[in-house]
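Quick look at target13.txt (compact mmCIF, C-alpha atoms):
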```txt
# COMPACT_ATOMS: atom_id res chain seq x y z
CA MET L 27 -9.92 -31.69 47.47
CA HIS L 28 -6.39 -31.13 46.18
CA ASP L 29 -6.73 -34.06 43.78
CA ILE L 30 -9.97 -32.61 42.37
CA MET L 31 -8.30 -29.24 41.76
CA GLU L 32 -5.37 -30.89 40.02
CA GLN L 33 -7.74 -32.89 37.83
CA LYS L 34 -9.64 -29.69 36.87
CA VAL L 35 -6.37 -27.92 36.04
CA ALA L 36 -5.28 -30.89 33.92
CA GLU L 37 -8.63 -30.86 32.06
CA ARG L 38 -8.44 -27.11 31.43
CA THR L 39 -4.85 -27.43 30.25
CA SER L 40 -5.87 -30.17 27.83
CA GLU L 41 -8.77 -28.03 26.53
CA ILE L 42 -6.47 -25.04 26.06
CA LEU L 43 -3.95 -27.15 24.15
CA ASP L 44 -6.72 -28.48 21.90
CA VAL L 45 -7.99 -24.97 21.20
CA ASN L 46 -4.42 -23.82 20.51
CA VAL L 47 -3.95 -26.60 17.93
CA ALA L 48 -7.28 -25.71 16.29
CA LEU L 49 -6.30 -22.03 16.12
CA LYS L 50 -2.95 -22.91 14.52
CA VAL L 51 -4.75 -24.99 11.89
CA LEU L 52 -7.17 -22.12 11.17
CA LEU L 53 -4.31 -19.64 10.92
CA LYS L 54 -2.46 -21.81 8.41
CA LYS L 55 -5.66 -22.14 6.35
CA MET L 56 -6.18 -18.38 6.40
CA GLU L 57 -2.58 -17.81 5.27
CA LYS L 58 -3.06 -20.22 2.36
CA ASP L 59 -6.37 -18.57 1.45
CA THR L 60 -4.69 -15.16 1.50
CA VAL L 61 -2.00 -16.33 -0.92
CA VAL L 62 -4.66 -17.73 -3.26
CA LEU L 63 -6.67 -14.51 -3.09
CA GLU L 64 -3.60 -12.37 -3.78
CA GLN L 65 -2.78 -14.51 -6.81
CA LYS L 66 -6.35 -14.20 -8.12
CA ILE L 67 -6.22 -10.42 -7.77
CA THR L 68 -2.88 -10.27 -9.55
CA ASP L 69 -4.15 -12.50 -12.34
CA ASN L 70 -7.36 -10.49 -12.74
CA ILE L 71 -5.47 -7.22 -12.97
CA ALA L 72 -3.11 -8.75 -15.53
CA LYS L 73 -6.02 -10.07 -17.62
CA LEU L 74 -8.63 -7.35 -17.19
CA ILE L 75 -6.80 -4.06 -16.64
CA THR L 76 -3.26 -4.29 -17.97
CA PRO L 77 -4.32 -4.90 -21.60
CA TYR L 78 -6.33 -1.66 -21.59
CA LEU L 79 -3.43 0.26 -20.11
CA GLU L 80 -1.19 -1.12 -22.85
CA LYS L 81 -3.73 -0.03 -25.48
CA LEU L 82 -3.82 3.45 -23.96
CA LYS L 83 -0.01 3.63 -24.02
CA ALA L 84 -0.04 2.74 -27.71
CA LEU L 85 -2.30 5.71 -28.50
CA ASN L 86 -0.96 9.12 -29.38
CA LEU L 87 -1.61 10.61 -25.95
CA ASN L 88 -0.65 14.09 -24.89
CA ALA L 89 2.05 14.38 -22.23
CA GLN L 90 -0.42 14.83 -19.36
CA HIS L 91 -2.46 11.76 -20.30
CA ARG L 92 0.69 9.68 -20.80
CA ILE L 93 1.84 10.62 -17.29
CA ILE L 94 -1.52 9.53 -15.87
CA VAL L 95 -1.36 6.18 -17.69
CA ASP L 96 2.23 5.70 -16.51
CA MET L 97 1.20 6.48 -12.93
CA LEU L 98 -1.67 3.99 -13.11
CA THR L 99 0.66 1.34 -14.47
CA ALA L 100 3.30 2.04 -11.82
CA ASN L 101 0.72 1.94 -9.03
CA LEU L 102 -0.77 -1.34 -10.23
CA ASN L 103 2.70 -2.84 -10.51
CA MET L 104 3.52 -1.65 -7.00
CA LEU L 105 0.28 -3.10 -5.61
CA THR L 106 0.69 -6.46 -7.28
CA SER L 107 4.47 -6.84 -7.09
CA SER L 108 4.27 -8.00 -3.51
CA PHE L 109 1.29 -8.10 -1.25
CA THR L 110 3.69 -8.39 1.66
CA HIS L 111 4.54 -4.69 1.41
CA VAL L 112 1.92 -2.85 3.38
CA VAL L 113 1.62 0.91 3.23
CA SER L 114 3.54 2.12 6.25
CA SER L 115 1.60 3.52 9.17
CA GLU L 116 3.09 6.96 8.62
CA MET L 117 1.69 7.01 5.08
CA ASN L 118 -1.73 6.27 6.55
CA LYS L 119 -1.58 9.69 8.21
CA LEU L 120 -1.84 11.40 4.81
CA THR L 121 -5.11 12.58 3.29
CA PRO L 122 -6.13 11.06 -0.06
CA THR L 123 -4.94 14.19 -1.88
CA GLU L 124 -1.63 14.14 -0.01
CA LEU L 125 -1.21 10.47 -0.94
CA GLN L 126 -1.76 11.40 -4.59
CA VAL L 127 0.80 14.18 -4.39
CA ALA L 128 3.27 11.97 -2.50
CA ASN L 129 2.88 9.26 -5.12
CA MET L 130 3.64 11.68 -7.95
CA VAL L 131 6.62 13.14 -6.05
CA LYS L 132 7.89 9.59 -5.54
CA TYR L 133 7.86 9.05 -9.31
CA GLY L 134 9.79 12.24 -9.97
CA LYS L 135 7.05 14.73 -10.80
CA ASP L 136 7.79 18.31 -9.83
CA THR L 137 5.33 20.76 -8.28
CA LYS L 138 4.36 22.30 -11.62
CA GLU L 139 3.69 18.92 -13.26
CA ILE L 140 1.65 17.74 -10.29
CA ALA L 141 -0.37 20.98 -10.30
CA GLU L 142 -1.18 20.51 -14.00
CA LEU L 143 -2.17 16.86 -13.53
CA MET L 144 -4.40 17.64 -10.55
CA ASN L 145 -5.77 20.91 -11.92
CA LEU L 146 -4.55 22.76 -8.84
CA ALA L 147 -2.35 25.79 -8.33
CA PRO L 148 1.37 25.14 -7.79
CA GLY L 149 1.06 26.93 -4.44
CA THR L 150 -1.55 24.39 -3.34
CA ILE L 151 0.79 21.55 -4.27
CA SER L 152 3.58 23.24 -2.30
CA ILE L 153 1.31 23.33 0.75
CA HIS L 154 0.49 19.64 0.28
CA ARG L 155 4.21 18.86 0.03
CA LYS L 156 4.86 20.84 3.22
CA ASN L 157 2.06 18.95 5.02
CA ILE L 158 3.39 15.62 3.75
CA ARG L 159 6.87 16.42 5.07
CA LYS L 160 5.37 17.45 8.43
CA LYS L 161 3.22 14.30 8.77
CA LEU L 162 6.17 12.09 7.81
CA GLY L 163 8.33 13.80 10.41
CA ILE L 164 10.91 15.14 7.97
CA SER L 165 9.95 18.82 7.90
CA LEU L 166 12.93 19.80 10.06
CA HIS L 167 15.40 17.70 8.08
CA LYS L 168 17.05 18.37 4.73
CA THR L 169 15.80 15.00 3.49
CA ASN L 170 14.84 14.85 -0.19
CA LEU L 171 11.11 14.05 -0.26
CA GLN L 172 11.35 11.96 -3.43
CA ALA L 173 14.22 9.90 -2.03
CA TYR L 174 12.41 9.47 1.29
CA LEU L 175 9.18 8.32 -0.37
CA SER L 176 11.04 5.96 -2.70
CA SER L 177 12.70 4.29 0.26
CA LYS L 178 9.31 3.53 1.87
CA THR L 179 8.14 1.02 -0.74
```

Do you think you could lay out the structure here as structure tokens?
Amino acid sequence: MHDIMEQKVAERTSEILDVNVALKVLLKKMEKDTVVLEQKITDNIAKLITPYLEKLKALNLNAQHRIIVDMLTANLNMLTSSFTHVVSSEMNKLTPTELQVANMVKYGKDTKEIAELMNLAPGTISIHRKNIRKKLGISLHKTNLQAYLSSKT
């Protein structure tokens, strides 16, 4: 009886080792596929979107439109510069509007500029900034929001 149990354990161990090897092979394949996909996305953005942004920059845009084009360019560069940088979990706590405001703060826009770009009142932007600070856990600190956000990417 003991010999049978040992044989079953040995068989199960062998099966587990085989499955482990197969999983490692699959994981390596997925990692390679991810790198290829990231490169395709980067290439497509460079070929299909960046030229239009460059054409927009060459136009005689008003200050507000130029800021929007610059923000789009900066965001695309941030997204494609390294797919290894994932948005931190604390940034995931922000609403889409708060993310927009945080992104503009990060790039040096003040409350008035952000309000103009988003067609909102400066007081509304101030509330968003306050909520961002609270959600990021820096509302009780004298931490500069722009500096804090810049350090997160």

Contacts of L:Tyr78 at 12 Å (all atoms listed in the file; same-chain gap of 6+ positions) as a list in words: Ile71, Ala72, Ala84, Leu85, Val95, Leu98 and Thr99 of chain L

If we count only C-alpha atoms and set the cut-off at 10 Å, which residues sit around L:His154, ignoring sequence neighbours fewer than 4 positions away in its own chain? Please answer as a compact mmCIF listing (two decimals) with C-alpha atoms, in the coordinates of the input.
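Contents of the output file around00.txt:
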```txt
# COMPACT_ATOMS: atom_id res chain seq x y z
CA LEU L 120 -1.84 11.40 4.81
CA THR L 121 -5.11 12.58 3.29
CA THR L 123 -4.94 14.19 -1.88
CA GLU L 124 -1.63 14.14 -0.01
CA LEU L 125 -1.21 10.47 -0.94
CA GLN L 126 -1.76 11.40 -4.59
CA VAL L 127 0.80 14.18 -4.39
CA ALA L 128 3.27 11.97 -2.50
CA THR L 137 5.33 20.76 -8.28
CA PRO L 148 1.37 25.14 -7.79
CA GLY L 149 1.06 26.93 -4.44
CA THR L 150 -1.55 24.39 -3.34
CA ILE L 158 3.39 15.62 3.75
CA ARG L 159 6.87 16.42 5.07
CA LYS L 160 5.37 17.45 8.43
```

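Counting all atoms listed in the file and comparing L:Leu143, L:Leu166, L:Asn88, L:Asn129, the residue that lies closest to L:Met104 is L:Asn129.
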
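Of note, atom CA of L:Asp136 and atom CA of L:Leu171 are spaced 11.0 Å apart.
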
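Note that atom CA of L:Tyr174 and atom CA of L:Ile140 are 17.8 Å apart.
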